[in-house]
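File shown here: start-v8.cif, holding mmCIF, C-alpha atoms.
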data_model
#
loop_
_atom_site.label_atom_id
_atom_site.label_comp_id
_atom_site.auth_asym_id
_atom_site.auth_seq_id
_atom_site.Cartn_x
_atom_site.Cartn_y
_atom_site.Cartn_z
CA MET A 1 0.00 0.00 0.00
CA LYS A 2 2.77 2.39 0.94
CA GLU A 3 4.44 2.00 -2.45
CA GLU A 4 1.25 2.74 -4.29
CA PHE A 5 0.83 5.93 -2.35
CA GLU A 6 4.36 7.02 -3.15
CA GLU A 7 3.84 6.53 -6.87
CA VAL A 8 1.12 9.15 -6.99
CA GLU A 9 2.05 12.71 -6.39
CA TYR A 10 -0.69 15.15 -5.60
CA GLU A 11 -0.86 18.24 -7.76
CA PRO A 12 -3.87 20.57 -7.86
CA THR A 13 -3.97 20.37 -11.67
CA SER A 14 -3.91 16.60 -11.85
CA VAL A 15 -7.51 16.09 -10.85
CA LYS A 16 -8.53 18.48 -13.60
CA ASP A 17 -6.28 16.84 -16.20
CA LEU A 18 -7.46 13.37 -15.22
CA LEU A 19 -11.12 14.36 -15.41
CA VAL A 20 -10.70 16.06 -18.79
CA GLU A 21 -9.00 12.94 -20.15
CA MET A 22 -11.72 10.73 -18.72
CA LYS A 23 -14.46 12.91 -20.22
CA ASP A 24 -12.78 12.99 -23.65
CA THR A 25 -12.13 9.25 -23.53
CA SER A 26 -15.72 8.48 -22.56
CA GLU A 27 -16.94 10.35 -25.64
CA LEU A 28 -14.35 8.95 -28.04
CA ILE A 29 -14.62 5.34 -26.90
CA VAL A 30 -18.35 5.21 -27.72
CA ASP A 31 -17.64 6.40 -31.28
CA LEU A 32 -14.82 3.90 -31.69
CA ALA A 33 -16.87 0.99 -30.34
CA TYR A 34 -19.67 1.61 -32.84
CA ALA A 35 -17.06 2.05 -35.58
CA ALA A 36 -15.39 -1.24 -34.65
CA ILE A 37 -18.67 -3.12 -35.05
CA MET A 38 -19.62 -1.23 -38.19
CA PHE A 39 -16.33 -1.93 -39.93
CA ASP A 40 -15.93 -5.33 -38.31
CA SER A 41 -12.49 -4.07 -37.31
CA ASP A 42 -10.42 -5.97 -34.76
CA GLU A 43 -7.90 -3.12 -34.79
CA LEU A 44 -10.52 -0.60 -33.67
CA GLY A 45 -11.76 -3.17 -31.17
CA GLU A 46 -8.25 -3.40 -29.72
CA GLU A 47 -8.07 0.38 -29.43
CA VAL A 48 -11.31 0.31 -27.46
CA ARG A 49 -9.69 -2.26 -25.14
CA HIS A 50 -6.63 -0.03 -24.71
CA LEU A 51 -8.84 2.94 -23.87
CA GLU A 52 -10.84 0.82 -21.46
CA SER A 53 -7.64 -0.18 -19.60
CA ARG A 54 -6.45 3.40 -19.68
CA MET A 55 -9.75 4.46 -18.13
CA ASP A 56 -9.30 1.92 -15.30
CA PHE A 57 -5.87 3.38 -14.64
CA LEU A 58 -7.16 6.96 -14.73
CA ARG A 59 -9.94 6.16 -12.32
CA TYR A 60 -7.53 4.52 -9.91
CA GLN A 61 -5.25 7.56 -10.08
CA MET A 62 -8.21 9.82 -9.55
CA ARG A 63 -9.32 7.93 -6.45
CA MET A 64 -5.84 8.01 -4.97
CA ILE A 65 -5.41 11.72 -5.54
CA ALA A 66 -8.90 12.50 -4.27
CA LEU A 67 -8.35 10.53 -1.07
CA MET A 68 -5.04 12.24 -0.46
CA ALA A 69 -6.35 15.71 -1.24
CA SER A 70 -9.44 15.54 0.88
CA ARG A 71 -8.75 17.46 4.09
CA THR A 72 -11.93 19.35 4.90
CA LYS A 73 -15.64 18.66 4.55
CA GLU A 74 -15.75 21.11 1.61
CA ASP A 75 -12.90 19.28 -0.13
CA SER A 76 -14.69 15.99 0.34
CA GLU A 77 -17.93 17.35 -1.05
CA ARG A 78 -16.26 18.69 -4.20
CA LEU A 79 -14.15 15.61 -4.73
CA ALA A 80 -17.12 13.28 -4.25
CA GLY A 81 -18.80 15.09 -7.15
CA ILE A 82 -15.74 14.66 -9.32
CA LEU A 83 -15.51 10.97 -8.44
CA GLN A 84 -19.15 10.57 -9.46
CA VAL A 85 -18.38 11.91 -12.94
CA ALA A 86 -15.25 9.76 -13.12
CA SER A 87 -17.29 6.70 -12.20
CA ALA A 88 -19.88 7.47 -14.91
CA ALA A 89 -17.11 7.94 -17.48
CA GLU A 90 -15.69 4.54 -16.57
CA THR A 91 -19.13 2.92 -16.77
CA ILE A 92 -19.46 4.37 -20.28
CA SER A 93 -16.11 2.93 -21.30
CA ASN A 94 -17.09 -0.48 -19.92
CA ALA A 95 -20.29 -0.34 -21.98
CA ALA A 96 -18.16 0.42 -25.05
CA GLY A 97 -16.17 -2.69 -24.18
CA ASP A 98 -19.40 -4.70 -24.11
CA ILE A 99 -20.15 -3.48 -27.63
CA VAL A 100 -16.82 -4.63 -29.03
CA ASP A 101 -17.20 -8.00 -27.27
CA LEU A 102 -19.39 -8.78 -30.26
CA LEU A 103 -16.27 -8.95 -32.42
CA GLU A 104 -15.39 -12.19 -30.64
CA LYS A 105 -18.67 -13.77 -31.71
CA ARG A 106 -19.06 -15.66 -34.95
CA ILE A 107 -19.63 -13.38 -37.94
CA GLU A 108 -23.10 -14.90 -38.30
CA ALA A 109 -23.96 -13.39 -34.94
CA ARG A 110 -23.58 -9.83 -36.19
CA PRO A 111 -24.23 -9.37 -39.93
CA PHE A 112 -27.07 -6.99 -39.23
CA LEU A 113 -25.09 -4.52 -37.17
CA PRO A 114 -22.87 -2.88 -39.78
CA PHE A 115 -25.91 -2.19 -41.90
CA VAL A 116 -27.90 -0.83 -38.99
CA LEU A 117 -25.36 1.57 -37.62
CA GLN A 118 -24.67 3.11 -41.01
CA GLU A 119 -28.21 4.54 -40.97
CA ALA A 120 -27.52 7.16 -38.31
CA GLU A 121 -27.49 10.80 -39.33
CA GLU A 122 -23.81 11.15 -38.56
CA LYS A 123 -21.82 8.40 -40.15
CA ILE A 124 -18.41 6.99 -39.47
CA ARG A 125 -16.52 6.40 -42.69
CA ILE A 126 -13.02 5.51 -43.76
CA LEU A 127 -11.06 7.57 -46.27
CA ARG A 128 -7.63 7.06 -47.73
CA MET A 129 -5.33 10.01 -48.45
CA GLY A 130 -4.50 10.10 -52.14
CA GLU A 131 -1.07 10.72 -53.62
CA ASP A 132 -2.27 13.96 -55.19
CA SER A 133 -4.16 15.39 -52.23
CA SER A 134 -3.19 18.95 -51.36
CA MET A 135 -3.80 18.04 -47.70
CA ARG A 136 -0.59 15.98 -47.64
CA GLY A 137 2.29 17.35 -45.59
CA ARG A 138 0.01 19.65 -43.61
CA SER A 139 -1.19 19.24 -40.05
CA ILE A 140 -4.80 18.71 -38.99
CA ALA A 141 -4.70 21.99 -37.01
CA ASP A 142 -3.23 23.92 -39.94
CA LEU A 143 -5.87 22.55 -42.30
CA LYS A 144 -8.66 23.17 -39.75
CA VAL A 145 -10.28 19.99 -41.06
CA GLU A 146 -13.27 20.12 -38.72
CA SER A 147 -14.10 23.80 -39.27
CA GLU A 148 -13.75 23.49 -43.04
CA THR A 149 -15.69 20.29 -43.59
CA GLY A 150 -17.55 19.45 -40.40
CA MET A 151 -15.81 16.08 -40.40
CA ARG A 152 -13.95 15.01 -37.29
CA ILE A 153 -10.97 12.70 -37.72
CA ILE A 154 -11.49 10.19 -34.92
CA ALA A 155 -8.62 7.89 -35.82
CA ILE A 156 -5.76 7.50 -38.27
CA ARG A 157 -4.21 4.28 -39.41
CA ARG A 158 -0.67 4.49 -40.73
CA GLY A 159 0.70 1.14 -41.78
CA ARG A 160 -0.18 -1.17 -38.90
CA HIS A 161 -0.38 1.60 -36.34
CA TRP A 162 -3.58 3.24 -35.18
CA THR A 163 -3.78 6.66 -33.55
CA TYR A 164 -7.13 7.53 -32.06
CA ASP A 165 -8.13 11.13 -31.46
CA PRO A 166 -5.02 12.37 -33.32
CA PRO A 167 -3.56 15.64 -31.95
CA GLY A 168 -3.79 18.79 -34.07
CA ASP A 169 -0.10 18.76 -34.95
CA THR A 170 -0.42 15.40 -36.72
CA VAL A 171 0.85 15.87 -40.28
CA LEU A 172 -1.13 13.89 -42.86
CA THR A 173 0.82 11.75 -45.26
CA GLY A 174 0.03 9.71 -48.35
CA ASP A 175 -1.69 6.38 -47.71
CA ASP A 176 -2.99 7.45 -44.28
CA LEU A 177 -6.33 5.83 -43.59
CA LEU A 178 -8.63 8.30 -41.87
CA VAL A 179 -11.61 7.22 -39.76
CA VAL A 180 -13.90 10.23 -39.88
CA ARG A 181 -17.24 11.15 -38.44
CA GLY A 182 -19.79 13.61 -39.76
CA THR A 183 -22.61 14.21 -42.19
CA GLU A 184 -22.98 12.79 -45.69
CA ASP A 185 -22.43 16.25 -47.14
CA GLY A 186 -19.21 16.81 -45.21
CA TYR A 187 -18.00 13.37 -46.26
CA ARG A 188 -18.51 14.13 -49.95
CA ARG A 189 -16.59 17.38 -49.66
CA LEU A 190 -13.74 15.80 -47.73
CA THR A 191 -13.50 12.97 -50.27
CA GLY A 192 -12.89 15.53 -53.01
CA TYR A 193 -9.93 16.88 -51.06
CA THR A 194 -8.41 13.57 -49.93
CA ALA A 195 -8.68 12.13 -53.44
CA GLY A 196 -6.93 15.20 -54.82
CA GLU A 197 -9.84 16.10 -57.08
CA GLU A 198 -10.13 19.47 -55.40
CA ALA A 199 -7.49 21.72 -53.84
CA TRP A 200 -7.85 22.37 -50.12
CA PRO A 201 -9.57 25.76 -49.73
CA GLY A 202 -7.39 27.23 -46.96
CA MET B 1 -48.96 -9.53 -20.78
CA LYS B 2 -51.23 -10.14 -23.73
CA GLU B 3 -51.97 -6.45 -24.12
CA GLU B 4 -48.33 -5.57 -24.12
CA PHE B 5 -47.69 -8.05 -26.87
CA GLU B 6 -50.50 -6.61 -28.94
CA GLU B 7 -49.16 -3.10 -28.67
CA VAL B 8 -45.97 -4.02 -30.45
CA GLU B 9 -46.15 -4.87 -34.10
CA TYR B 10 -43.19 -6.65 -35.60
CA GLU B 11 -41.70 -5.03 -38.67
CA PRO B 12 -38.28 -5.92 -40.03
CA THR B 13 -37.34 -2.22 -40.11
CA SER B 14 -38.31 -1.55 -36.52
CA VAL B 15 -35.32 -3.26 -34.98
CA LYS B 16 -33.10 -1.18 -37.23
CA ASP B 17 -34.90 2.07 -36.42
CA LEU B 18 -34.86 1.32 -32.71
CA LEU B 19 -31.16 0.51 -32.71
CA VAL B 20 -30.28 3.63 -34.70
CA GLU B 21 -32.24 5.77 -32.26
CA MET B 22 -30.58 4.06 -29.30
CA LYS B 23 -27.13 4.55 -30.80
CA ASP B 24 -27.78 8.24 -31.57
CA THR B 25 -29.29 8.81 -28.14
CA SER B 26 -26.37 7.15 -26.36
CA GLU B 27 -23.98 9.55 -28.10
CA LEU B 28 -26.11 12.67 -27.61
CA ILE B 29 -27.00 12.00 -23.97
CA VAL B 30 -23.34 11.94 -22.92
CA ASP B 31 -22.78 15.36 -24.52
CA LEU B 32 -25.90 16.76 -22.89
CA ALA B 33 -25.02 15.38 -19.45
CA TYR B 34 -21.60 17.05 -19.48
CA ALA B 35 -23.22 20.24 -20.82
CA ALA B 36 -25.79 20.20 -18.00
CA ILE B 37 -23.05 20.08 -15.37
CA MET B 38 -20.91 22.60 -17.19
CA PHE B 39 -23.69 25.14 -17.52
CA ASP B 40 -25.27 24.16 -14.21
CA SER B 41 -28.47 23.84 -16.23
CA ASP B 42 -31.51 22.14 -14.75
CA GLU B 43 -33.20 22.36 -18.16
CA LEU B 44 -30.46 20.32 -19.83
CA GLY B 45 -30.56 17.96 -16.85
CA GLU B 46 -34.26 17.43 -17.43
CA GLU B 47 -33.63 16.67 -21.09
CA VAL B 48 -31.13 14.02 -20.03
CA ARG B 49 -33.85 12.53 -17.80
CA HIS B 50 -36.31 12.52 -20.72
CA LEU B 51 -33.78 10.79 -22.95
CA GLU B 52 -33.03 8.29 -20.18
CA SER B 53 -36.74 7.38 -19.94
CA ARG B 54 -36.98 7.25 -23.70
CA MET B 55 -34.06 4.83 -23.73
CA ASP B 56 -35.82 2.56 -21.20
CA PHE B 57 -38.84 2.53 -23.47
CA LEU B 58 -36.78 1.82 -26.58
CA ARG B 59 -34.99 -1.04 -24.89
CA TYR B 60 -38.28 -2.56 -23.77
CA GLN B 61 -39.65 -2.28 -27.30
CA MET B 62 -36.49 -3.81 -28.65
CA ARG B 63 -36.70 -6.78 -26.31
CA MET B 64 -40.34 -7.40 -27.20
CA ILE B 65 -39.69 -7.27 -30.92
CA ALA B 66 -36.59 -9.43 -30.67
CA LEU B 67 -38.40 -12.10 -28.65
CA MET B 68 -41.26 -12.15 -31.13
CA ALA B 69 -39.00 -12.19 -34.18
CA SER B 70 -36.73 -14.95 -33.05
CA ARG B 71 -37.75 -18.15 -34.85
CA THR B 72 -34.53 -19.93 -35.74
CA LYS B 73 -31.13 -20.35 -34.14
CA GLU B 74 -29.70 -17.88 -36.69
CA ASP B 75 -32.34 -15.29 -35.80
CA SER B 76 -31.55 -15.71 -32.12
CA GLU B 77 -27.84 -15.32 -32.69
CA ARG B 78 -28.27 -12.09 -34.66
CA LEU B 79 -30.83 -10.66 -32.29
CA ALA B 80 -28.71 -11.48 -29.24
CA GLY B 81 -25.96 -9.34 -30.76
CA ILE B 82 -28.36 -6.48 -31.31
CA LEU B 83 -29.67 -6.75 -27.75
CA GLN B 84 -26.10 -6.58 -26.49
CA VAL B 85 -25.59 -3.22 -28.26
CA ALA B 86 -28.99 -2.02 -27.01
CA SER B 87 -28.03 -2.95 -23.47
CA ALA B 88 -24.73 -1.07 -23.73
CA ALA B 89 -26.53 1.99 -25.11
CA GLU B 90 -28.89 1.92 -22.14
CA THR B 91 -26.00 1.55 -19.69
CA ILE B 92 -24.44 4.64 -21.26
CA SER B 93 -27.66 6.61 -20.84
CA ASN B 94 -27.90 5.53 -17.18
CA ALA B 95 -24.32 6.73 -16.64
CA ALA B 96 -25.33 10.08 -18.16
CA GLY B 97 -28.16 10.14 -15.62
CA ASP B 98 -25.61 9.59 -12.82
CA ILE B 99 -23.71 12.63 -14.08
CA VAL B 100 -26.74 14.93 -13.95
CA ASP B 101 -27.63 13.61 -10.47
CA LEU B 102 -24.97 16.08 -9.36
CA LEU B 103 -27.36 18.92 -10.19
CA GLU B 104 -29.42 17.86 -7.17
CA LYS B 105 -26.45 18.33 -4.86
CA ARG B 106 -25.67 21.64 -3.21
CA ILE B 107 -23.82 24.06 -5.48
CA GLU B 108 -20.83 23.81 -3.12
CA ALA B 109 -20.56 20.16 -4.08
CA ARG B 110 -19.74 20.95 -7.70
CA PRO B 111 -18.05 24.31 -8.23
CA PHE B 112 -15.01 22.64 -9.76
CA LEU B 113 -16.81 20.79 -12.51
CA PRO B 114 -17.82 23.59 -14.86
CA PHE B 115 -14.23 24.83 -14.87
CA VAL B 116 -12.84 21.35 -15.43
CA LEU B 117 -15.01 20.30 -18.32
CA GLN B 118 -14.39 23.52 -20.23
CA GLU B 119 -10.77 22.44 -20.69
CA ALA B 120 -11.53 19.72 -23.22
CA GLU B 121 -10.44 20.22 -26.82
CA GLU B 122 -14.01 20.30 -28.06
CA LYS B 123 -16.10 22.66 -26.05
CA ILE B 124 -19.79 23.01 -25.52
CA ARG B 125 -20.87 26.63 -25.68
CA ILE B 126 -24.08 28.59 -25.80
CA LEU B 127 -24.79 31.19 -28.51
CA ARG B 128 -27.74 33.47 -29.00
CA MET B 129 -29.04 34.28 -32.50
CA GLY B 130 -28.85 38.02 -33.07
CA GLU B 131 -31.56 40.15 -34.66
CA ASP B 132 -29.26 40.94 -37.61
CA SER B 133 -27.93 37.44 -38.26
CA SER B 134 -28.24 36.33 -41.88
CA MET B 135 -28.85 32.79 -40.56
CA ARG B 136 -32.33 33.78 -39.38
CA GLY B 137 -35.25 32.28 -41.28
CA ARG B 138 -33.10 29.52 -42.76
CA SER B 139 -32.99 25.86 -41.78
CA ILE B 140 -30.01 24.06 -40.28
CA ALA B 141 -29.85 21.74 -43.31
CA ASP B 142 -30.03 24.63 -45.78
CA LEU B 143 -27.25 26.48 -43.97
CA LYS B 144 -25.16 23.30 -43.63
CA VAL B 145 -24.03 24.62 -40.25
CA GLU B 146 -21.80 21.67 -39.45
CA SER B 147 -20.05 21.47 -42.81
CA GLU B 148 -19.48 25.22 -42.89
CA THR B 149 -18.23 25.75 -39.36
CA GLY B 150 -17.50 22.38 -37.81
CA MET B 151 -19.93 23.25 -35.01
CA ARG B 152 -22.71 20.83 -34.21
CA ILE B 153 -25.92 22.25 -32.79
CA ILE B 154 -26.74 19.80 -30.01
CA ALA B 155 -29.73 21.65 -28.61
CA ILE B 156 -31.86 24.74 -29.17
CA ARG B 157 -33.75 26.65 -26.55
CA ARG B 158 -36.68 28.71 -27.77
CA GLY B 159 -38.47 30.52 -24.96
CA ARG B 160 -38.93 27.86 -22.30
CA HIS B 161 -38.77 24.96 -24.75
CA TRP B 162 -35.69 22.86 -25.40
CA THR B 163 -35.15 20.77 -28.53
CA TYR B 164 -32.19 18.43 -28.39
CA ASP B 165 -30.58 17.11 -31.55
CA PRO B 166 -32.73 19.44 -33.69
CA PRO B 167 -33.71 18.01 -37.09
CA GLY B 168 -32.21 19.54 -40.24
CA ASP B 169 -35.45 21.26 -41.21
CA THR B 170 -35.46 23.36 -38.02
CA VAL B 171 -35.61 27.02 -39.08
CA LEU B 172 -33.54 29.32 -36.88
CA THR B 173 -35.25 32.39 -35.49
CA GLY B 174 -34.16 35.46 -33.56
CA ASP B 175 -33.47 34.92 -29.87
CA ASP B 176 -32.90 31.18 -30.30
CA LEU B 177 -30.34 29.95 -27.83
CA LEU B 178 -28.05 27.41 -29.48
CA VAL B 179 -26.05 24.83 -27.52
CA VAL B 180 -23.17 24.01 -29.82
CA ARG B 181 -20.20 21.72 -29.73
CA GLY B 182 -16.90 22.04 -31.55
CA THR B 183 -13.50 23.66 -31.60
CA GLU B 184 -12.59 27.14 -30.40
CA ASP B 185 -11.92 28.18 -33.99
CA GLY B 186 -15.33 26.99 -35.21
CA TYR B 187 -16.97 28.75 -32.30
CA ARG B 188 -15.37 32.08 -33.18
CA ARG B 189 -16.49 31.80 -36.79
CA LEU B 190 -20.03 30.83 -35.86
CA THR B 191 -20.25 33.71 -33.37
CA GLY B 192 -19.53 36.16 -36.20
CA TYR B 193 -22.50 34.78 -38.11
CA THR B 194 -24.96 34.51 -35.23
CA ALA B 195 -24.13 38.01 -34.05
CA GLY B 196 -24.71 39.31 -37.57
CA GLU B 197 -21.18 40.70 -37.86
CA GLU B 198 -20.57 38.56 -40.91
CA ALA B 199 -22.94 37.34 -43.63
CA TRP B 200 -23.42 33.56 -43.89
CA PRO B 201 -21.13 32.33 -46.68
CA GLY B 202 -23.57 29.94 -48.42
#

Please render this file's structure as structure tokens.
Amino acid sequence: MKEEFEEVEYEPTSVKDLLVEMKDTSELIVDLAYAAIMFDSDELGEEVRHLESRMDFLRYQMRMIALMASRTKEDSERLAGILQVASAAETISNAAGDIVDLLEKRIEARPFLPFVLQEAEEKIRILRMGEDSSMRGRSIADLKVESETGMRIIAIRRGRHWTYDPPGDTVLTGDDLLVVRGTEDGYRRLTGYTAGEEAWPG
Amino acid sequence: MKEEFEEVEYEPTSVKDLLVEMKDTSELIVDLAYAAIMFDSDELGEEVRHLESRMDFLRYQMRMIALMASRTKEDSERLAGILQVASAAETISNAAGDIVDLLEKRIEARPFLPFVLQEAEEKIRILRMGEDSSMRGRSIADLKVESETGMRIIAIRRGRHWTYDPPGDTVLTGDDLLVVRGTEDGYRRLTGYTAGEEAWPG
């Protein structure tokens, strides 16, 4: 027990950082879980598993820090509220894990799902960066992909490596596979740019 | 029991429609729950409660239809997979309910949360439509709000009435309060349009 306590150092900002990461993860993991089923993708399923483990770790850290930081009744009240959100975020990530459990079932057990989930207003689609795309060599933040097209890049696959929720300074390269989320209209526009049929507007 | 069975009519499309609504709701309700805490908004909290009840209803419907539709082993296998997703979606909506439970606590119990959740990369903000905005009198679909700005309108408040996940044919009017989600950059652009400082580009 003593060792575990020593590993965790209490900083006032850590609770905030942990909670922001847990909130972001709880939103992203739901998208990725549906995407994994929709694309029948073991790779996306594995990423959901990684995020689920990460969430366990974050919640443990959060509990440790909260217990150490709680000195007064007011502290305890505030921290109990934060732990309640953290707990909900973890529950959400566990539910996402339940969704991707379906990938372990026989394919016959889930042919209907890809079809079903594609019907939602916002769709998750996969795009490949073309050799002639004017987006190549520029970062997501520089391109302002989401503001320009309404499409959010929720994951990138480069070779065998997946990055989920790629940071803004990620520079797009040829052959990147982008998992994107947004409307049909945004998807059509983005396809024009990734295929190199149209020059990026900005 | 007999009456309940009679209420539900089995159509092949219903399972699909139910699952799509459950998926969409499970994504939206998480956004709304965080927004409710962030804005300390009882109205948004109530909407989360409505969605949570709606999800209970949808899951019940789904179970009924699945049980009635299951005739062969193959049917059962497919439908079990669908019920697993439906169950996860409901778990997510219950977790969202746990988040908004915090609104019933004393304000002292949650002063930290609004600050915390504002730190995420994608923010939820509130905007009011100005009298001079060129967006007025046009529908969300016509404007292509999300493609143009990257901002998703997750709820609209008109007078005392809230509409969450407003349909594309919703026509924006003066004094509408928009709850939007997206990047800082998208928010700045959209503010120019809602305030009437800039004319809508499309």

Which residue out of A:Glu90, A:Lys23, A:Val15, A:Ile140 has the minimum interatomic distance to Lys123 in chain B when all atoms listed in the file are used?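 Ranked by minimum distance to Lys123 in chain B, first place goes to A:Lys23.
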
Neighbours of Arg54 in chain B within 10 Å (only C-alpha atoms; same-chain residues fewer than 3 positions away dropped), as a ChimeraX atom specification? /B:21-22,25,48-51,57-60,90,93

What does the distance from CA of Gly182 in chain A to CA of Arg152 in chain A come to in Å, to one decimal?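 Computed distance, CA of Gly182 in chain A to CA of Arg152 in chain A, equals 6.5 Å.
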
Expanded to explicit residues, what is the PyMOL selection byres ((chain B and resi 35) around 12) for this file, as a PyMOL selection string? (chain A and resi 23) or (chain B and resi 28-34+36-48+96+99-100+103+113-118+120+122-126+154-155+164+179-181)

Written as a PyMOL selection string, which residues does the PyMOL selection byres ((chain B and resi 146) around 12) give for the file shown? (chain A and resi 122+145-152+181-187) or (chain B and resi 140-145+147-154+168+180-183+186-187+189-190)

So the first atom is CA of Leu178 in chain B and the second is CA of Ala86 in chain A; what is the distance between them in Å, to one decimal place? 27.3 Å

Please evaluate the PyMOL selection byres ((chain B and resi 135) around 8) against the displayed coordinates and give the resulting residues as a compact mmCIF listing (two decimals) with C-alpha atoms, keeping the file's coordinate frame.
# COMPACT_ATOMS: atom_id res chain seq x y z
CA SER B 133 -27.93 37.44 -38.26
CA SER B 134 -28.24 36.33 -41.88
CA ARG B 136 -32.33 33.78 -39.38
CA GLY B 137 -35.25 32.28 -41.28
CA ARG B 138 -33.10 29.52 -42.76
CA LEU B 143 -27.25 26.48 -43.97
CA LEU B 172 -33.54 29.32 -36.88
CA TYR B 193 -22.50 34.78 -38.11
CA THR B 194 -24.96 34.51 -35.23
CA TRP B 200 -23.42 33.56 -43.89

Pick out the residues sitting within 7 Å of Ile92 in chain B, and hand them over as number ranges by chain; count all atoms listed in the file, and ignore anything fewer than 5 positions along from it in its own chain. A: 92, 95; B: 26

Neighbours of Gly159 in chain A within 10 Å (all atoms listed in the file; same-chain residues fewer than 2 positions away dropped), as a PDB file with C-alpha atoms, in the frame of the given file?
ATOM      1  CA  ILE A 156      -5.760   7.500 -38.270  1.00  0.00           C
ATOM      2  CA  ARG A 157      -4.210   4.280 -39.410  1.00  0.00           C
ATOM      3  CA  HIS A 161      -0.380   1.600 -36.340  1.00  0.00           C
ATOM      4  CA  TRP A 162      -3.580   3.240 -35.180  1.00  0.00           C
ATOM      5  CA  ASP A 175      -1.690   6.380 -47.710  1.00  0.00           C
ATOM      6  CA  ASP A 176      -2.990   7.450 -44.280  1.00  0.00           C
ATOM      7  CA  LEU A 177      -6.330   5.830 -43.590  1.00  0.00           C
TER       8      LEU A 177
END

Leu79 in chain A environment, 12 Å, only C-alpha atoms, sequence neighbours closer than 2 positions dropped, as a VMD selection string: (chain A and resid 12 15 to 16 19 62 to 77 81 to 86) or (chain B and resid 102 108 to 113)

Can you work out the spacing between CA of Thr91 in chain B and CA of Lys105 in chain B in Å, to one decimal?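 Separating CA of Thr91 in chain B from CA of Lys105 in chain B is a distance of 22.4 Å.
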
Taking all atoms listed in the file into account, name the residue in A:Glu198, A:Glu104, A:Asp132, A:Glu52 that is nearest to chain B.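 Of the candidates, the smallest distance to chain B is held by A:Glu104.
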
Would you mind telling me which residue in B:Met129, B:Pro166, B:Met55, B:Ser139 lies nearest to chain A when using only C-alpha atoms?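 Looking only at the distances to chain A, the closest residue turns out to be B:Pro166.
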
Give the answer as one residue: which of A:Ile107, A:Leu127, A:Ala88, A:Leu18 has the shortest atom-to-atom distance to chain B, using all atoms listed in the file?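 With all atoms listed in the file as the atom set, the closest residue is A:Ala88.
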
For range 59-69 of chain A, write N, CA, C and O atoms out as a short mmCIF file (atom, residue, chain, number, x, y, z; two decimals), in the first residue's frame.
data_model
loop_
_atom_site.label_atom_id
_atom_site.label_comp_id
_atom_site.auth_asym_id
_atom_site.auth_seq_id
_atom_site.Cartn_x
_atom_site.Cartn_y
_atom_site.Cartn_z
N ARG A 59 -9.02 6.10 -13.44
CA ARG A 59 -9.94 6.16 -12.32
C ARG A 59 -9.23 5.80 -11.01
O ARG A 59 -9.51 6.38 -9.97
N TYR A 60 -8.31 4.87 -11.10
CA TYR A 60 -7.53 4.52 -9.91
C TYR A 60 -6.70 5.71 -9.43
O TYR A 60 -6.71 6.07 -8.25
N GLN A 61 -6.03 6.36 -10.40
CA GLN A 61 -5.25 7.56 -10.08
C GLN A 61 -6.12 8.63 -9.42
O GLN A 61 -5.74 9.26 -8.44
N MET A 62 -7.28 8.81 -10.03
CA MET A 62 -8.21 9.82 -9.55
C MET A 62 -8.62 9.55 -8.10
O MET A 62 -8.66 10.46 -7.27
N ARG A 63 -8.92 8.30 -7.82
CA ARG A 63 -9.32 7.93 -6.45
C ARG A 63 -8.20 8.21 -5.47
O ARG A 63 -8.42 8.75 -4.38
N MET A 64 -6.99 7.80 -5.84
CA MET A 64 -5.84 8.01 -4.97
C MET A 64 -5.66 9.49 -4.66
O MET A 64 -5.50 9.89 -3.50
N ILE A 65 -5.64 10.29 -5.72
CA ILE A 65 -5.41 11.72 -5.54
C ILE A 65 -6.52 12.33 -4.71
O ILE A 65 -6.27 13.15 -3.82
N ALA A 66 -7.76 11.93 -5.00
CA ALA A 66 -8.90 12.50 -4.27
C ALA A 66 -8.80 12.17 -2.78
O ALA A 66 -8.99 13.03 -1.92
N LEU A 67 -8.44 10.93 -2.48
CA LEU A 67 -8.35 10.53 -1.07
C LEU A 67 -7.25 11.29 -0.35
O LEU A 67 -7.39 11.69 0.81
N MET A 68 -6.14 11.52 -1.08
CA MET A 68 -5.04 12.24 -0.46
C MET A 68 -5.34 13.73 -0.30
O MET A 68 -4.83 14.37 0.61
N ALA A 69 -6.13 14.25 -1.22
CA ALA A 69 -6.35 15.71 -1.24
C ALA A 69 -7.47 16.14 -0.31
O ALA A 69 -7.60 17.32 0.00
#
